[in-house]
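Trainee: This one is final-v8.tsv, TSV, C-alpha atoms.
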chain	number	residue	atom	x	y	z
A	948	MET	CA	-32.22	-27.42	-29.99
A	949	THR	CA	-30.93	-26.16	-26.62
A	950	LYS	CA	-28.29	-23.49	-27.07
A	951	VAL	CA	-25.20	-23.14	-24.86
A	952	ILE	CA	-22.68	-20.32	-24.92
A	953	VAL	CA	-19.31	-21.52	-23.66
A	954	GLY	CA	-16.81	-19.11	-22.13
A	955	MET	CA	-13.76	-19.86	-24.28
A	956	SER	CA	-10.63	-18.87	-22.37
A	957	GLY	CA	-8.09	-20.16	-24.87
A	958	GLY	CA	-7.25	-23.08	-22.59
A	959	VAL	CA	-7.83	-26.80	-22.80
A	960	ASP	CA	-10.61	-26.97	-20.18
A	961	SER	CA	-13.05	-24.63	-21.91
A	962	ALA	CA	-12.28	-26.16	-25.32
A	963	VAL	CA	-13.06	-29.67	-24.04
A	964	ALA	CA	-16.16	-28.33	-22.30
A	965	ALA	CA	-17.39	-27.04	-25.67
A	966	TYR	CA	-16.61	-30.36	-27.33
A	967	LEU	CA	-18.48	-32.37	-24.69
A	968	LEU	CA	-21.55	-30.17	-24.98
A	969	LYS	CA	-21.59	-30.41	-28.75
A	970	LYS	CA	-21.16	-34.18	-28.51
A	971	ALA	CA	-24.14	-34.27	-26.09
A	972	GLY	CA	-26.35	-32.64	-28.76
A	973	TYR	CA	-26.39	-29.01	-27.70
A	974	GLU	CA	-26.12	-26.11	-30.12
A	975	VAL	CA	-22.78	-24.69	-29.01
A	976	GLU	CA	-21.19	-21.30	-29.58
A	977	GLY	CA	-18.09	-19.80	-27.97
A	978	LEU	CA	-17.68	-16.39	-26.37
A	979	PHE	CA	-14.26	-14.96	-25.59
A	980	MET	CA	-14.09	-12.32	-22.87
A	981	ARG	CA	-11.38	-9.65	-22.95
A	982	ASN	CA	-10.83	-7.91	-19.62
A	983	TRP	CA	-7.46	-6.21	-19.87
A	984	ASP	CA	-5.69	-3.85	-22.25
A	985	SER	CA	-2.42	-2.23	-21.21
A	986	LEU	CA	-3.00	0.61	-23.70
A	987	VAL	CA	-6.34	1.45	-22.08
A	988	ASN	CA	-5.55	0.86	-18.42
A	989	ASN	CA	-3.15	3.72	-17.77
A	990	ASP	CA	-0.30	3.63	-15.29
A	991	ILE	CA	0.17	5.69	-12.15
A	992	ASN	CA	1.02	8.78	-14.21
A	993	GLY	CA	-2.00	8.40	-16.46
A	994	ASN	CA	0.03	7.10	-19.41
A	995	PRO	CA	-0.60	3.95	-21.45
A	996	ASN	CA	1.73	1.13	-20.43
A	997	LEU	CA	3.66	0.98	-23.66
A	998	ASN	CA	6.53	-0.77	-21.92
A	999	GLU	CA	4.41	-3.80	-21.07
A	1000	VAL	CA	4.64	-6.94	-23.12
A	1001	ILE	CA	1.72	-7.91	-25.32
A	1002	CYS	CA	-1.16	-8.97	-23.11
A	1003	PRO	CA	-1.38	-12.78	-22.91
A	1004	GLN	CA	-5.11	-12.48	-23.60
A	1005	GLU	CA	-4.36	-11.83	-27.26
A	1006	GLN	CA	-2.62	-15.19	-27.55
A	1007	ASP	CA	-5.47	-16.76	-25.62
A	1008	TYR	CA	-7.96	-15.29	-28.10
A	1009	ASN	CA	-6.02	-16.74	-31.03
A	1010	ASP	CA	-5.94	-20.13	-29.31
A	1011	ALA	CA	-9.68	-19.96	-28.62
A	1012	LYS	CA	-10.37	-19.00	-32.24
A	1013	GLU	CA	-8.36	-21.98	-33.53
A	1014	ALA	CA	-10.06	-24.34	-31.07
A	1015	CYS	CA	-13.49	-23.18	-32.21
A	1016	LYS	CA	-12.43	-23.68	-35.81
A	1017	ILE	CA	-11.43	-27.28	-35.04
A	1018	LEU	CA	-14.74	-27.83	-33.21
A	1019	ASN	CA	-16.64	-26.13	-36.04
A	1020	ILE	CA	-18.46	-23.70	-33.75
A	1021	PRO	CA	-18.70	-19.90	-34.02
A	1022	LEU	CA	-16.73	-17.68	-31.66
A	1023	HIS	CA	-17.94	-14.29	-30.43
A	1024	ARG	CA	-15.79	-11.74	-28.62
A	1025	ILE	CA	-16.70	-9.09	-26.09
A	1026	ASP	CA	-14.68	-6.51	-24.16
A	1027	PHE	CA	-15.27	-5.88	-20.46
A	1028	ILE	CA	-12.14	-3.77	-20.00
A	1029	LYS	CA	-13.83	-0.81	-18.29
A	1030	GLU	CA	-16.07	-3.02	-16.18
A	1031	TYR	CA	-13.13	-5.15	-15.05
A	1032	TRP	CA	-11.22	-2.02	-14.07
A	1033	ASP	CA	-14.19	-0.63	-12.11
A	1034	PHE	CA	-15.38	-3.80	-10.37
A	1035	VAL	CA	-12.18	-5.84	-9.96
A	1036	PHE	CA	-8.92	-3.96	-10.49
A	1037	LYS	CA	-9.81	-0.90	-8.36
A	1038	TYR	CA	-10.68	-3.22	-5.50
A	1039	PHE	CA	-7.43	-5.12	-6.03
A	1040	LEU	CA	-5.37	-1.92	-5.75
A	1041	ALA	CA	-7.35	-0.64	-2.75
A	1042	GLU	CA	-6.76	-3.90	-0.89
A	1043	LEU	CA	-3.04	-3.79	-1.63
A	1044	GLU	CA	-2.89	-0.26	-0.24
A	1045	LYS	CA	-4.45	-1.57	2.98
A	1046	GLY	CA	-1.61	-4.10	3.22
A	1047	ARG	CA	-3.93	-7.01	2.44
A	1048	THR	CA	-3.58	-9.84	-0.08
A	1049	PRO	CA	-6.64	-9.81	-2.37
A	1050	ASN	CA	-7.79	-12.50	-4.76
A	1051	PRO	CA	-9.33	-10.76	-7.80
A	1052	ASP	CA	-10.53	-14.02	-9.39
A	1053	LEU	CA	-13.41	-14.25	-6.93
A	1054	LEU	CA	-14.64	-10.78	-7.85
A	1055	CYS	CA	-14.17	-11.46	-11.55
A	1056	ASN	CA	-16.43	-14.49	-11.30
A	1057	ARG	CA	-19.11	-12.60	-9.39
A	1058	PHE	CA	-19.22	-9.34	-11.33
A	1059	ILE	CA	-17.91	-10.28	-14.77
A	1060	LYS	CA	-18.17	-13.96	-15.73
A	1061	PHE	CA	-21.40	-14.85	-13.96
A	1062	ASP	CA	-23.06	-11.47	-14.39
A	1063	LEU	CA	-22.05	-9.41	-17.43
A	1064	PHE	CA	-20.79	-12.38	-19.41
A	1065	LYS	CA	-23.92	-14.39	-18.62
A	1066	LYS	CA	-26.13	-11.49	-19.71
A	1067	GLU	CA	-24.25	-11.34	-23.00
A	1068	ALA	CA	-24.72	-15.09	-23.44
A	1069	LYS	CA	-28.46	-14.64	-22.91
A	1070	ARG	CA	-28.46	-11.80	-25.42
A	1071	LEU	CA	-26.94	-14.19	-27.93
A	1072	GLY	CA	-29.87	-16.53	-27.36
A	1073	ALA	CA	-28.34	-18.97	-24.89
A	1074	ASP	CA	-30.45	-21.26	-22.77
A	1075	PHE	CA	-27.34	-22.05	-20.73
A	1076	MET	CA	-23.85	-20.68	-20.25
A	1077	ALA	CA	-20.92	-23.00	-19.60
A	1078	THR	CA	-17.31	-22.64	-18.49
A	1079	GLY	CA	-14.33	-24.93	-18.05
A	1080	HIS	CA	-14.33	-24.65	-14.25
A	1081	TYR	CA	-13.63	-27.78	-12.23
A	1082	ALA	CA	-16.79	-27.55	-10.17
A	1083	GLN	CA	-20.27	-29.07	-10.16
A	1084	VAL	CA	-23.84	-27.79	-9.84
A	1085	LYS	CA	-26.46	-30.12	-8.41
A	1086	ASN	CA	-29.97	-28.90	-7.60
A	1087	ASN	CA	-28.73	-25.33	-7.86
A	1088	LYS	CA	-26.03	-26.01	-5.25
A	1089	LEU	CA	-22.31	-25.63	-5.85
A	1090	TYR	CA	-20.02	-28.60	-5.25
A	1091	ARG	CA	-16.32	-29.28	-5.62
A	1092	GLY	CA	-15.04	-30.75	-8.85
A	1093	ILE	CA	-14.23	-34.45	-8.90
A	1094	ASP	CA	-10.52	-33.69	-9.36
A	1095	GLN	CA	-9.48	-32.49	-5.90
A	1096	ASN	CA	-6.17	-31.20	-7.27
A	1097	LYS	CA	-7.95	-28.96	-9.79
A	1098	ASP	CA	-11.18	-28.13	-7.95
A	1099	GLN	CA	-12.09	-24.46	-8.54
A	1100	SER	CA	-15.13	-24.07	-6.32
A	1101	TYR	CA	-12.93	-21.85	-4.13
A	1102	PHE	CA	-12.90	-19.20	-6.88
A	1103	LEU	CA	-16.70	-19.42	-7.31
A	1104	ALA	CA	-17.56	-18.93	-3.64
A	1105	MET	CA	-18.41	-15.24	-4.02
A	1106	ILE	CA	-21.08	-15.62	-6.69
A	1107	LYS	CA	-24.76	-15.37	-5.76
A	1108	LYS	CA	-27.00	-18.41	-5.60
A	1109	GLU	CA	-29.18	-17.08	-8.43
A	1110	GLN	CA	-26.10	-16.82	-10.64
A	1111	LEU	CA	-25.82	-20.63	-10.65
A	1112	LYS	CA	-29.08	-20.90	-12.56
A	1113	ASP	CA	-28.63	-22.05	-16.18
A	1114	VAL	CA	-24.90	-22.71	-15.65
A	1115	LEU	CA	-23.06	-25.83	-16.79
A	1116	PHE	CA	-19.59	-27.09	-15.79
A	1117	PRO	CA	-18.97	-29.92	-18.29
A	1118	VAL	CA	-15.51	-30.90	-17.00
A	1119	GLY	CA	-16.41	-30.74	-13.32
A	1120	ASN	CA	-16.91	-34.49	-13.14
A	1121	LEU	CA	-13.63	-35.29	-14.89
A	1122	LYS	CA	-10.01	-35.55	-13.82
A	1123	LYS	CA	-7.56	-33.23	-15.56
A	1124	GLU	CA	-5.76	-36.20	-17.12
A	1125	LYS	CA	-9.02	-37.25	-18.80
A	1126	VAL	CA	-9.59	-33.73	-20.13
A	1127	ARG	CA	-6.12	-33.74	-21.68
A	1128	GLU	CA	-6.77	-37.19	-23.11
A	1129	ILE	CA	-9.99	-36.03	-24.76
A	1130	ALA	CA	-8.23	-32.97	-26.18
A	1131	ARG	CA	-5.50	-35.13	-27.69
A	1132	SER	CA	-8.01	-37.58	-29.14
A	1133	ILE	CA	-9.69	-34.85	-31.21
A	1134	ASN	CA	-6.42	-33.05	-32.03
A	1135	LEU	CA	-7.27	-29.82	-30.24
A	1136	ASN	CA	-4.61	-27.16	-30.66
A	1137	VAL	CA	-4.61	-26.50	-26.88
A	1138	ALA	CA	-4.24	-30.15	-25.85
A	1139	LYS	CA	-0.72	-29.55	-24.46
A	1140	LYS	CA	-1.11	-25.88	-23.51
A	1141	LYS	CA	0.05	-25.15	-19.96
A	1142	ASP	CA	-2.53	-24.14	-17.39
A	1143	SER	CA	-2.54	-20.43	-16.62
A	1144	THR	CA	-1.09	-19.51	-13.24
A	1145	GLY	CA	-1.09	-16.42	-11.08
A	1146	ILE	CA	-3.28	-13.37	-11.49
A	1147	CYS	CA	-4.99	-13.21	-14.88
A	1148	PHE	CA	-4.16	-9.62	-15.83
A	1149	ILE	CA	-0.50	-9.98	-14.85
A	1150	GLY	CA	0.13	-13.23	-16.71
A	1151	GLU	CA	3.79	-14.18	-16.91
A	1152	ARG	CA	5.00	-10.67	-16.10
A	1153	ASN	CA	7.04	-9.83	-13.00
A	1154	TYR	CA	4.53	-9.01	-10.27
A	1155	GLN	CA	6.49	-6.21	-8.60
A	1156	GLU	CA	7.31	-4.55	-11.92
A	1157	PHE	CA	3.64	-4.69	-12.89
A	1158	ILE	CA	2.27	-3.33	-9.61
A	1159	LYS	CA	4.58	-0.31	-9.52
A	1160	ASN	CA	2.85	0.91	-12.69
A	1161	TYR	CA	-0.26	1.49	-10.58
A	1162	LEU	CA	0.90	1.98	-6.98
A	1163	LYS	CA	3.74	4.29	-6.07
A	1164	PRO	CA	6.59	2.37	-4.36
A	1165	ASN	CA	6.85	3.29	-0.69
A	1166	PRO	CA	10.03	1.84	0.89
A	1167	GLY	CA	10.12	1.26	4.62
A	1168	LYS	CA	11.75	-0.69	7.43
A	1169	ILE	CA	12.02	-4.45	7.64
A	1170	VAL	CA	11.91	-5.41	11.33
A	1171	ASN	CA	12.79	-8.67	13.07
A	1172	VAL	CA	9.59	-9.42	14.98
A	1173	SER	CA	11.43	-11.26	17.80
A	1174	ASN	CA	13.54	-8.28	18.93
A	1175	MET	CA	11.99	-5.36	16.98
A	1176	LYS	CA	15.33	-4.45	15.40
A	1177	GLU	CA	15.56	-3.05	11.89
A	1178	ILE	CA	17.27	-5.48	9.51
A	1179	GLY	CA	16.60	-4.06	6.05
A	1180	ILE	CA	14.46	-1.93	3.74
A	1181	HIS	CA	11.41	-3.20	1.87
A	1182	ASN	CA	10.24	-1.74	-1.45
A	1183	GLY	CA	6.54	-1.37	-0.65
A	1184	LEU	CA	4.23	-3.47	1.53
A	1185	MET	CA	2.02	-4.33	-1.46
A	1186	ASN	CA	4.83	-6.55	-2.77
A	1187	TYR	CA	4.71	-9.01	0.14
A	1188	THR	CA	2.31	-11.55	1.52
A	1189	ILE	CA	2.15	-13.45	4.80
A	1190	GLY	CA	4.36	-16.54	4.76
A	1191	GLN	CA	6.49	-15.32	1.85
A	1192	ARG	CA	10.04	-16.72	2.03
A	1193	ARG	CA	11.58	-15.64	-1.27
A	1194	ASN	CA	12.68	-12.17	-2.35
A	1195	VAL	CA	12.07	-10.67	1.08
A	1196	GLY	CA	14.92	-8.20	0.60
A	1197	ILE	CA	17.31	-8.84	3.48
A	1198	SER	CA	20.90	-10.03	3.12
A	1199	GLY	CA	23.54	-11.45	5.41
A	1200	PHE	CA	21.18	-13.89	7.14
A	1201	ASN	CA	21.67	-17.62	6.60
A	1202	GLU	CA	18.78	-18.68	8.83
A	1203	ARG	CA	15.43	-19.39	7.17
A	1204	HIS	CA	13.11	-16.42	7.39
A	1205	TYR	CA	9.63	-15.42	6.27
A	1206	VAL	CA	7.21	-12.50	6.20
A	1207	CYS	CA	4.96	-12.70	9.24
A	1208	GLY	CA	3.17	-9.34	9.21
A	1209	LYS	CA	2.75	-5.75	8.12
A	1210	ASP	CA	2.16	-2.47	9.91
A	1211	VAL	CA	0.53	-0.30	7.24
A	1212	LYS	CA	0.26	2.80	9.45
A	1213	ASN	CA	4.02	2.85	10.14
A	1214	ASN	CA	5.01	1.17	6.85
A	1215	ILE	CA	6.87	-1.69	8.54
A	1216	LEU	CA	7.36	-5.21	7.20
A	1217	TYR	CA	7.81	-7.83	9.93
A	1218	VAL	CA	10.04	-10.82	9.34
A	1219	ALA	CA	10.56	-13.87	11.56
A	1220	PHE	CA	13.42	-16.38	11.66
A	1221	GLY	CA	13.49	-20.11	12.29
A	1222	ASP	CA	10.29	-22.12	12.65
A	1223	SER	CA	6.86	-20.95	11.50
A	1224	GLU	CA	5.37	-20.21	14.92
A	1225	TYR	CA	4.46	-16.62	14.02
A	1226	LEU	CA	2.34	-17.83	11.11
A	1227	TYR	CA	-0.07	-19.88	13.24
A	1228	SER	CA	-3.44	-18.67	14.44
A	1229	ASP	CA	-6.60	-20.27	15.84
A	1230	GLU	CA	-9.41	-17.88	14.93
A	1231	CYS	CA	-10.25	-15.11	12.50
A	1232	LEU	CA	-13.00	-12.64	11.69
A	1233	ILE	CA	-14.38	-12.71	8.16
A	1234	GLU	CA	-16.40	-9.91	6.57
A	1235	ASP	CA	-18.53	-9.36	3.45
A	1236	VAL	CA	-19.88	-12.86	3.94
A	1237	ASN	CA	-21.64	-14.36	0.91
A	1238	PHE	CA	-23.68	-17.56	1.13
A	1239	ILE	CA	-24.55	-19.58	-1.97
A	1240	SER	CA	-26.20	-22.26	0.13
A	1241	ASP	CA	-29.21	-22.07	2.47
A	1242	GLU	CA	-27.19	-23.99	5.05
A	1243	ARG	CA	-25.94	-22.10	8.13
A	1244	PRO	CA	-23.94	-24.70	10.05
A	1245	LEU	CA	-22.19	-24.19	13.38
A	1246	LYS	CA	-19.42	-26.55	12.31
A	1247	CYS	CA	-18.03	-27.12	8.82
A	1248	LEU	CA	-14.80	-27.11	6.82
A	1249	ALA	CA	-12.88	-24.02	5.74
A	1250	LYS	CA	-10.23	-23.42	3.13
A	1251	PHE	CA	-8.15	-20.29	3.82
A	1252	ARG	CA	-6.36	-20.25	0.47
A	1253	TYR	CA	-6.83	-22.00	-2.84
A	1254	ARG	CA	-4.16	-24.65	-2.36
A	1255	GLY	CA	-4.72	-24.83	1.39
A	1256	GLU	CA	-5.96	-27.90	3.22
A	1257	ASP	CA	-9.47	-28.31	4.60
A	1258	VAL	CA	-9.63	-27.13	8.21
A	1259	GLU	CA	-12.35	-28.10	10.69
A	1260	VAL	CA	-13.93	-24.92	12.03
A	1261	SER	CA	-16.70	-23.66	14.29
A	1262	LEU	CA	-18.68	-20.58	13.32
A	1263	LYS	CA	-20.15	-17.75	15.40
A	1264	TYR	CA	-22.51	-15.58	13.38
A	1265	ILE	CA	-22.01	-11.93	14.35
A	1266	ASP	CA	-24.40	-10.41	11.80
A	1267	SER	CA	-25.35	-10.96	8.16
A	1268	LYS	CA	-21.91	-9.90	6.92
A	1269	HIS	CA	-19.53	-11.01	9.70
A	1270	ILE	CA	-18.62	-14.43	11.11
A	1271	LYS	CA	-16.05	-15.41	13.71
A	1272	VAL	CA	-14.25	-18.57	12.57
A	1273	TYR	CA	-12.58	-20.81	15.20
A	1274	TYR	CA	-10.03	-23.51	14.36
A	1275	PRO	CA	-8.52	-24.81	17.64
A	1276	LYS	CA	-6.09	-27.15	15.86
A	1277	ARG	CA	-4.44	-23.98	14.54
A	1278	THR	CA	-3.46	-23.35	10.96
A	1279	LYS	CA	-0.76	-21.44	9.16
A	1280	SER	CA	-0.72	-18.26	7.06
A	1281	VAL	CA	-4.33	-17.16	7.46
A	1282	THR	CA	-4.00	-13.86	5.63
A	1283	PRO	CA	-6.14	-10.69	5.71
A	1284	GLY	CA	-7.66	-10.01	2.30
A	1285	GLN	CA	-7.80	-13.67	1.28
A	1286	ALA	CA	-11.07	-15.59	1.09
A	1287	CYS	CA	-12.16	-18.04	3.76
A	1288	VAL	CA	-14.31	-20.50	1.79
A	1289	LEU	CA	-16.73	-22.70	3.73
A	1290	TYR	CA	-17.75	-26.28	2.87
A	1291	LEU	CA	-20.11	-28.96	4.16
A	1292	ASP	CA	-18.34	-32.04	2.86
A	1293	ASP	CA	-18.16	-31.27	-0.88
A	1294	GLU	CA	-20.83	-28.56	-0.99
A	1295	CYS	CA	-19.42	-25.04	-1.22
A	1296	LEU	CA	-21.47	-22.85	1.13
A	1297	GLY	CA	-19.90	-19.50	0.27
A	1298	CYS	CA	-17.14	-17.35	1.69
A	1299	GLY	CA	-16.05	-14.27	3.55
A	1300	ILE	CA	-12.96	-12.08	3.32
A	1301	ILE	CA	-10.49	-12.46	6.19
A	1302	LYS	CA	-10.38	-9.18	8.13
A	1303	GLU	CA	-8.61	-9.97	11.42
A	1304	VAL	CA	-6.55	-12.90	12.69
A	1305	TYR	CA	-6.21	-14.06	16.31
A	1306	LYS	CA	-4.17	-16.43	18.45
A	1307	LYS	CA	-5.36	-17.45	21.94
A	1308	GLY	CA	-7.90	-14.64	21.91
A	1309	GLU	CA	-5.38	-11.93	21.08
A	1310	LYS	CA	-5.45	-10.12	17.76
A	1311	LEU	CA	-2.10	-10.56	16.07
A	1312	PHE	CA	-0.60	-7.10	16.27
A	1313	TYR	CA	1.73	-7.64	13.35
A	1314	LEU	CA	-1.23	-8.35	11.04
Would you kindly transcribe this structure into structure tokens?

Mentor:
Amino acid sequence: MTKVIVGMSGGVDSAVAAYLLKKAGYEVEGLFMRNWDSLVNNDINGNPNLNEVICPQEQDYNDAKEACKILNIPLHRIDFIKEYWDFVFKYFLAELEKGRTPNPDLLCNRFIKFDLFKKEAKRLGADFMATGHYAQVKNNKLYRGIDQNKDQSYFLAMIKKEQLKDVLFPVGNLKKEKVREIARSINLNVAKKKDSTGICFIGERNYQEFIKNYLKPNPGKIVNVSNMKEIGIHNGLMNYTIGQRRNVGISGFNERHYVCGKDVKNNILYVAFGDSEYLYSDECLIEDVNFISDERPLKCLAKFRYRGEDVEVSLKYIDSKHIKVYYPKRTKSVTPGQACVLYLDDECLGCGIIKEVYKKGEKLFYL
């Protein structure tokens, strides 16, 4: 019998994935991956974070254990705490210090889930590994999931082509509503569990409170980009992202405002008022380019953030790791540090990390 190890996250998607595989006749076992421990990952002073709430992963593990019990499959557990710190969290902090907005989920998939986790699955005798991602693999190519509202190919765009081998995405051809329906029909404990949001190791905690455990707060000026006048004090550039409208930290202004840029060298946060003109750009430079596909198109679609719309782009290949991306129709909030994920229709080609952003040929100085 063909054996599949399913990455059990404690959520409904992975639990239904395990059920579908078992129903299809596979020998199914679960594997829960633990990546974070506040008592191990010390704060900025080298002390365990005893003031943090219990890590949500412990509740997720309990949910995964109960789901596996209902499905009558064994559940294994493995810790990648040190590896996650070395390969994902250090990068996350380094990017924040550069004033960029990183997405650690892409690195987690490349270095942890589809590398170390997969190796552990193979060690346990798996012919295949499976996850609850809303994505599809066809002929060793990565495609979007059927449910466009839940598609997670964006987060898989940094994995290597060879990492797709022996990988199954059982819910990739289903809508979320159908997954919930299946979970209810077999009385899964996680049938009504909310989807996880935000960054995995932060969970439901306050982002700024969490980050200051690891990066020393560095207050600086908030400047109105239209007249270069100081209008407030920020509490550290790592706490803000381009386009942010809430909790910017200025008072006495009734007009709508948003974060439009950062000057890391001078520790300045730029804010704009009124319309969103300062957020628009028409080209960017991406670095650390990773292709899953053999395709190298001159024109394709790009997604500049997970919930962003598809944007028609033209590509200029600088070298193996850098591409200039042009989008003459302009788009909003293209942010250094985020991934620019490339698509040909529904095939995910890969991605690069946004390094520089331009408008009408000029690099945006406030980025």

Trainee: For A:Glu976, please output as a list of chain:residue names all residues within 8 Å (counting all atoms listed in the file; exclusion window: fewer than 3 positions along the same chain).

Mentor: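 Everything that qualifies: A:Lys950, A:Val951, A:Ile952, A:Val953, A:Ala965, A:Ile1020, A:Pro1021, A:Leu1022, A:His1023.
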
Trainee: Kindly provide the residues of stretch 1218-1259 of chain A that approach stretch 1035-1053 of chain A to within 12 Å, each paired with its closest atom pair and their distance in Å to one decimal, based on only C-alpha atoms, listed by chain and increasing number, as JSON lines.

Mentor:
{"residue": "A:Asn1237", "atom": "CA", "partner": "A:Leu1053", "partner_atom": "CA", "distance": 11.4}
{"residue": "A:Phe1251", "atom": "CA", "partner": "A:Asn1050", "partner_atom": "CA", "distance": 11.6}
{"residue": "A:Arg1252", "atom": "CA", "partner": "A:Asn1050", "partner_atom": "CA", "distance": 9.5}
{"residue": "A:Tyr1253", "atom": "CA", "partner": "A:Asn1050", "partner_atom": "CA", "distance": 9.7}

Trainee: Which residues are close to A:Phe1200, i.e. within 12 Å by only C-alpha atoms, leaving aside same-chain residues fewer than 5 positions away? Reply as a PyMOL selection string.

Mentor: chain A and resi 1171+1178-1179+1195+1205+1218-1221

Trainee: Which residues come within 9 Å of A:Leu1291, counting only C-alpha atoms, excluding same-chain residues fewer than 2 positions away, as a list in words?

Mentor: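 Answer for this query is Glu1242, Pro1244, Lys1246, Cys1247, Leu1248, Ala1249, Leu1289, Asp1293, Glu1294, Cys1295 and Leu1296 of chain A.
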
Trainee: Within 8 Å of A:Ser1280, counting all atoms listed in the file, which residues qualify if same-chain residues fewer than 5 places away don't, as a PyMOL selection string?

Mentor: chain A and resi 1189-1190+1226-1228

Trainee: One decimal, in Å: what's the spacing between atom CA of A:Asn1134 and atom CA of A:Ile1017?

Mentor: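 Those two atoms sit 8.2 Å apart.
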
Trainee: Considering only C-alpha atoms, can you say which of A:Asp1074, A:Asp1113, A:Asp984, A:Asp1142 comes closest to A:Phe1061?

Mentor: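 Looking only at the distances to A:Phe1061, the closest residue turns out to be A:Asp1113.
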
Trainee: Kindly indicate which residue among A:Glu1124, A:Asp1235, A:Asp1292, A:Asp1241 lies nearest to A:Lys1268, using all atoms listed in the file for the distances.

Mentor: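 Of A:Glu1124, A:Asp1235, A:Asp1292, A:Asp1241, the one nearest A:Lys1268, counting all atoms listed in the file, is A:Asp1235.
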
Trainee: One decimal, in Å: what's the spacing between atom CA of A:Lys1107 and atom CA of A:Ser1261?

Mentor: 23.1 Å

Trainee: Rank nothing, just name the residue among A:Val1126, A:Leu967, A:Leu1245, A:Leu1111 nearest to A:Glu1259, using all atoms listed in the file.

Mentor: A:Leu1245

Trainee: What does the distance from atom CA of A:Ser1173 to atom CA of A:Ile1215 come to in Å, to one decimal?

Mentor: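 Straight-line distance from atom CA of A:Ser1173 to atom CA of A:Ile1215 works out to 14.1 Å.
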
Trainee: Near A:Gly1196, counting only C-alpha atoms, which residues have an atom at most 12 Å away, once you skip same-chain residues fewer than 6 positions from it, shown as a list of chain:residue names?

Mentor: A:Pro1166, A:Gly1167, A:Lys1168, A:Ile1169, A:Val1170, A:Ile1178, A:Gly1179, A:Ile1180, A:His1181, A:Asn1182, A:Gly1183, A:Leu1184, A:Asn1186, A:Tyr1187, A:His1204, A:Tyr1205, A:Val1206, A:Leu1216, A:Tyr1217, A:Val1218

Trainee: Kindly indicate which residue among A:Val1260, A:Met1076, A:Ile1093, A:Leu1135 lies nearest to A:Val1114, using all atoms listed in the file for the distances.

Mentor: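 Ranked by minimum distance to A:Val1114, first place goes to A:Met1076.
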
Trainee: Using all atoms listed in the file for the distances, tell me which of A:Glu1128, A:Glu1156, A:Glu974, A:Glu1224 is nearest to A:Val1172.

Mentor: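 Looking at the shortest contact to A:Val1172, the residue is A:Glu1224.
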
Trainee: For each of A:Asp1210, A:Glu1303, A:Asp1266, A:Glu1177, take the minimum atom-to-atom distance to A:Glu1230, counting all atoms listed in the file, then give the residue where this is smallest.

Mentor: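 Closest to A:Glu1230 of all the choices is A:Glu1303.
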
Trainee: Using only C-alpha atoms, find all polymer residues with an atom at most 9 Å away from the point (-12.3, -18.0, -31.8); report them as an mmCIF file with C-alpha atoms, in the coordinates of the input.

Mentor:
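Below is the file selection.cif, written as the result:
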data_model
loop_
_atom_site.group_PDB
_atom_site.id
_atom_site.type_symbol
_atom_site.label_atom_id
_atom_site.label_comp_id
_atom_site.auth_asym_id
_atom_site.auth_seq_id
_atom_site.Cartn_x
_atom_site.Cartn_y
_atom_site.Cartn_z
ATOM 1 C CA MET A 955 -13.760 -19.860 -24.280
ATOM 2 C CA GLY A 957 -8.090 -20.160 -24.870
ATOM 3 C CA GLY A 977 -18.090 -19.800 -27.970
ATOM 4 C CA LEU A 978 -17.680 -16.390 -26.370
ATOM 5 C CA PHE A 979 -14.260 -14.960 -25.590
ATOM 6 C CA TYR A 1008 -7.960 -15.290 -28.100
ATOM 7 C CA ASN A 1009 -6.020 -16.740 -31.030
ATOM 8 C CA ASP A 1010 -5.940 -20.130 -29.310
ATOM 9 C CA ALA A 1011 -9.680 -19.960 -28.620
ATOM 10 C CA LYS A 1012 -10.370 -19.000 -32.240
ATOM 11 C CA GLU A 1013 -8.360 -21.980 -33.530
ATOM 12 C CA ALA A 1014 -10.060 -24.340 -31.070
ATOM 13 C CA CYS A 1015 -13.490 -23.180 -32.210
ATOM 14 C CA LYS A 1016 -12.430 -23.680 -35.810
ATOM 15 C CA ILE A 1020 -18.460 -23.700 -33.750
ATOM 16 C CA PRO A 1021 -18.700 -19.900 -34.020
ATOM 17 C CA LEU A 1022 -16.730 -17.680 -31.660
ATOM 18 C CA HIS A 1023 -17.940 -14.290 -30.430
ATOM 19 C CA ARG A 1024 -15.790 -11.740 -28.620
#

Trainee: Residues within 9 Å of (-12.1, -12.6, 2.2), file coordinates, counting all atoms listed in the file: what are they? Give the list as an MDAnalysis selection string.

Mentor: chainID A and resid 1049:1050 1233:1236 1251 1282:1288 1298:1302

Trainee: Taking C-alpha atoms for each residue, export the selection above as a compact mmCIF listing (two decimals), keeping the file's coordinate frame.

Mentor:
# COMPACT_ATOMS: atom_id res chain seq x y z
CA PRO A 1049 -6.64 -9.81 -2.37
CA ASN A 1050 -7.79 -12.50 -4.76
CA ILE A 1233 -14.38 -12.71 8.16
CA GLU A 1234 -16.40 -9.91 6.57
CA ASP A 1235 -18.53 -9.36 3.45
CA VAL A 1236 -19.88 -12.86 3.94
CA PHE A 1251 -8.15 -20.29 3.82
CA THR A 1282 -4.00 -13.86 5.63
CA PRO A 1283 -6.14 -10.69 5.71
CA GLY A 1284 -7.66 -10.01 2.30
CA GLN A 1285 -7.80 -13.67 1.28
CA ALA A 1286 -11.07 -15.59 1.09
CA CYS A 1287 -12.16 -18.04 3.76
CA VAL A 1288 -14.31 -20.50 1.79
CA CYS A 1298 -17.14 -17.35 1.69
CA GLY A 1299 -16.05 -14.27 3.55
CA ILE A 1300 -12.96 -12.08 3.32
CA ILE A 1301 -10.49 -12.46 6.19
CA LYS A 1302 -10.38 -9.18 8.13
